[in-house]
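*Asks:* Sharing a structure below in structure tokens format, with a few things to ask.
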Amino acid sequence: MDSNHLVDIFTKQVDEAPDRECLVLGTRRLTFGQTHRDVEALANALAELGVAAGTRVAIDLPNSPEWTVTLLAVAKLGGVVVPLSASAGYQELKYQLRHTETKIAVAAQTLGDGDCFEVFEDLEGTLPDLQCLVSVGLDDAWADDRIHRYADLLARGRTRRPKDAAVAGQDATLAILYTSGTMGKPKGVVLSHENLVFSASQAARALDQGTGDRVLASVPMFTIFGIQIVLGALVTGGTLVFQERFDPSEALELIERERITIVHGVPTVFELLMREPSFKSRDVSSVRTGIVAGSPVSSDLVRRIRRWNDVQIAYGLTETGPTVSITRFDDPAELRESTVGRPIPGVELRVLDAVTGDAHGPEAVGELAVRGPNVMQGYHRMPSETRKLFTEDGFFVTGDLAFVDEDGYVTIVGRRDAMIIRGGYNIYPRELEDVLRTHPALDDACVVGIPNEILGELICACVIPVEGAIITGDEIKEFCREQLADYKVPDAVRFFDAFPMTGSGKVQRRELTRLVGLELTTT
């Protein structure tokens with residue numbers, strides 16, 4: 001049986017073609033052989049710092065060769081990576097690092113507009129398990145017994161003899177990725193080598209992805225989608241061309257210069273690419289295919305994308321590694337536009353009655369449940385939360401409403417809760433509402449999503465100020481920005497004297513959405 005262990009598969013690619021190009025960022029180009037040497041060196045150095053089987057290593061880096069090398073080095077040692085969002089707020093970082101008992105963090109000196117080291121210095125006294133920080137990006141970064149330069153670790157590791165690492169099976173944990181729960185509570189999704197490699201391999205197979213493909217890696221690598229893009233290229237022997245942060249003009253330039261063959265993204269990414277003024281003048285003829293996923297995609301958008309990129313539509317969640325289903329090139333044209341395809345091989349689906357939990361037959365709408373090698377091991381340190389979302393026979397209940405036709409094609413029709421999907425990111429209203437209610441000038445808050453052509457949905461914070469309080473929408477946004485990731489900050493704020501209520505005393509979210517929808521959809 002073929003291994004689904006990341007290190008085994010990567011090593012196989014190295015052995016087969018060490019001189020094939022593996023990682024590209026700007027003028028930097030690493031072959032599979034050079035990448036392997038960096039992985040070995042970093043693994044040697046991290047082992048001396050105490051990384052072993054089960055050790056949690058956080059990665060707070062932009063899309064880059066260093067991100068990928070760190071992932072592979074930690075995997076070689078049997079460790080567990082904890083990908084961090086560059087835009088995560090202080091409290092989010094603190095929670096994730098403490099919850100995972102992270103021992104080492106590999107971070108950029110600066111990331112975006114922020115200073116990572118300043119944040120980590122502020123966090124230092126609150127993180128008893130964090131022993132050291134590895135600095136990437138600046139040669140003049142201060143180094144001591146707690147702060148190490150990435151380049152120094154590579155140099156040191158090359159002079160050390162490799163230590164025998166504990167051989168972990170494919171069921172060993174590879175990553176813990178954080179996603180908000182149905183009530184906004186952060187949950188650490190525990191994913192094994194098999195979960196991630198199996199899902200990436202099957203998605204790559206649907207794309208006919210191989211050694212000749214050059215993949216644009218612009219989706220943030222701290223997301224499950226971003227990780228799948230990286231693994232899909234590594235396991236098929238292709239080339240990853242990194243874009244540290246997505247910019248449509250720069251992405252088009254990269255596609256043309258690097259002769260990119262695979263472009264992935266959430267629907268927002270493709271909209272922005274096609275709306276970029278330089279789109280028509282760029283040569284994108286090298287692009288063959290990709291995946292559009294992360295939020296609902298309209299048939300019209302799919303048709304427009306397929307004029308230059310024969311994308312597949314995929315559906316999945318962080319908890320499913322992520323891919324559950326995907327369209328194929330030989331699917332009927334109508335089904336390639338209106339569905340999210342059929343399950344990947346080895347994955348079983350059920351459609352459950354949302355009330356009774358009984359299984360529905362074909363074409364009936366219900367809550368989608370999934371079982372297969374892609375499904376997570378559970379939520380980190382949350383056994384009761386894990387149990388709630390698994391049936392007795394091991395199906396993970398997704399929370400998405402769908403129906404499956406007699407041929408196995410899946411159509412997603414809605415969400416069980418009020419989750420907002422903005423630009424491919426999941427935002428749970430409860431989390432943002434809880435933050436808003438802590439503001440001394442606000443009496444109450446209700447967050448709703450408004451349809452938007454570019455981002456899928458916009459976030460509107462409907463608020464009731466405390467009587468006599470003076471506060472502006474911009475001040476509320478800034479308050480949220482200080483505590484939350486930037487993609488969770490409201491796009492708009494609407495002030496109310498009172499919310500429309502049901503007879504039972506609940507806020508009428510649909511009515512709020514109607515009241516603010518026209519204004520926001522025209523912005």
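Each chain in the structure tokens gets a letter, A, B, ..., in the order shown, and its residues are numbered from 1; ligands are numbered from 1 in order too.
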Using only C-alpha atoms, which residues sit within 7 Å of segment 86-103 of chain A once same-chain residues fewer than 2 positions away are excluded, as a list in words?
*Replies:* Thr55, Arg56, Val57, Ala58, Asp60, Leu84, Ala105, Leu111, Leu123, Leu127, Asp129, Leu130, Gln131, Glu482, Gln483, Leu484, Ala485 and Asp486 of chain A
*Asks:* Which parts of segment 419-462 of chain A does DSSP call helix (DSSP H, G or I) when run on the backbone here, written out as an NGL selection string?
*Replies:* :A and (429-436)
*Asks:* Go ahead and compute the interatomic distance for atom CA of Thr173 of chain A and atom CA of Arg422 of chain A, in Å to one decimal.
*Replies:*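 Pair atom CA of Thr173 of chain A / atom CA of Arg422 of chain A returns 29.2 Å.
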*Asks:* Using only C-alpha atoms, what does the table of segment 293-350 of chain A residues within 10 Å of segment 186-193 of chain A look like, with each row giving the shortest atom pair and its distance in Å to one decimal, sorted by chain and ascending number, as JSON lines?
*Replies:*
{"residue": "A:Thr318", "atom": "CA", "partner": "A:Val189", "partner_atom": "CA", "distance": 7.1}
{"residue": "A:Glu319", "atom": "CA", "partner": "A:Val189", "partner_atom": "CA", "distance": 6.1}
{"residue": "A:Thr320", "atom": "CA", "partner": "A:Leu191", "partner_atom": "CA", "distance": 8.6}
{"residue": "A:Gly321", "atom": "CA", "partner": "A:Leu191", "partner_atom": "CA", "distance": 7.0}
{"residue": "A:Pro322", "atom": "CA", "partner": "A:Leu191", "partner_atom": "CA", "distance": 9.9}
*Asks:* Write down as a ChimeraX atom specification the residues of segment 243-361 of chain A whose backbone DSSP state falls under strand (DSSP E or B).
*Replies:* /A:262-263,265,289,291-292,312-316,323-326,342-343,348-352,359
*Asks:* Hey, what's within 12 Å of Val375 of chain A if we count only C-alpha atoms and toss same-chain stuff fewer than 4 positions away? As a ChimeraX atom specification, please?
*Replies:* /A:171,189-199,316-324,346-349,369-371,379,386,389-390,394-398
*Asks:* Using only C-alpha atoms, pick whichever of A:Pro332, A:Pro162, A:Gly232, A:Gly517 has the shortest atom-to-atom distance to Leu216 of chain A.
*Replies:*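 Using only C-alpha atoms, Leu216 of chain A sits closest to A:Gly232.
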*Asks:* For His380 of chain A, which residue out of A:Leu23, A:Leu177, A:Cys460, A:Leu231 is the nearest one, using only C-alpha atoms?
*Replies:*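 Closest to His380 of chain A of all the choices is A:Leu177.
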*Asks:* With distances taken over only C-alpha atoms, which residue among A:Thr126, A:Thr35, A:Thr68, A:Ser201 lies nearest His5 of chain A?
*Replies:* A:Ser201
*Asks:* Using only C-alpha atoms, which residue out of A:Val404, A:Leu458, A:Leu6, A:Val24 lies closest to Ala359 of chain A?
*Replies:* A:Val404
*Asks:* Atom CA of Leu154 of chain A and atom CA of Ala168 of chain A are how many Å apart?
*Replies:*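 A separation of 23.5 Å between them.
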*Asks:* For Val219 of chain A, please output as an MDAnalysis selection string all residues within 9 Å (counting only C-alpha atoms; exclusion window: fewer than 3 positions along the same chain).
*Replies:* chainID A and resid 63 216 222:223 225:227 229 243:246 264:266 269
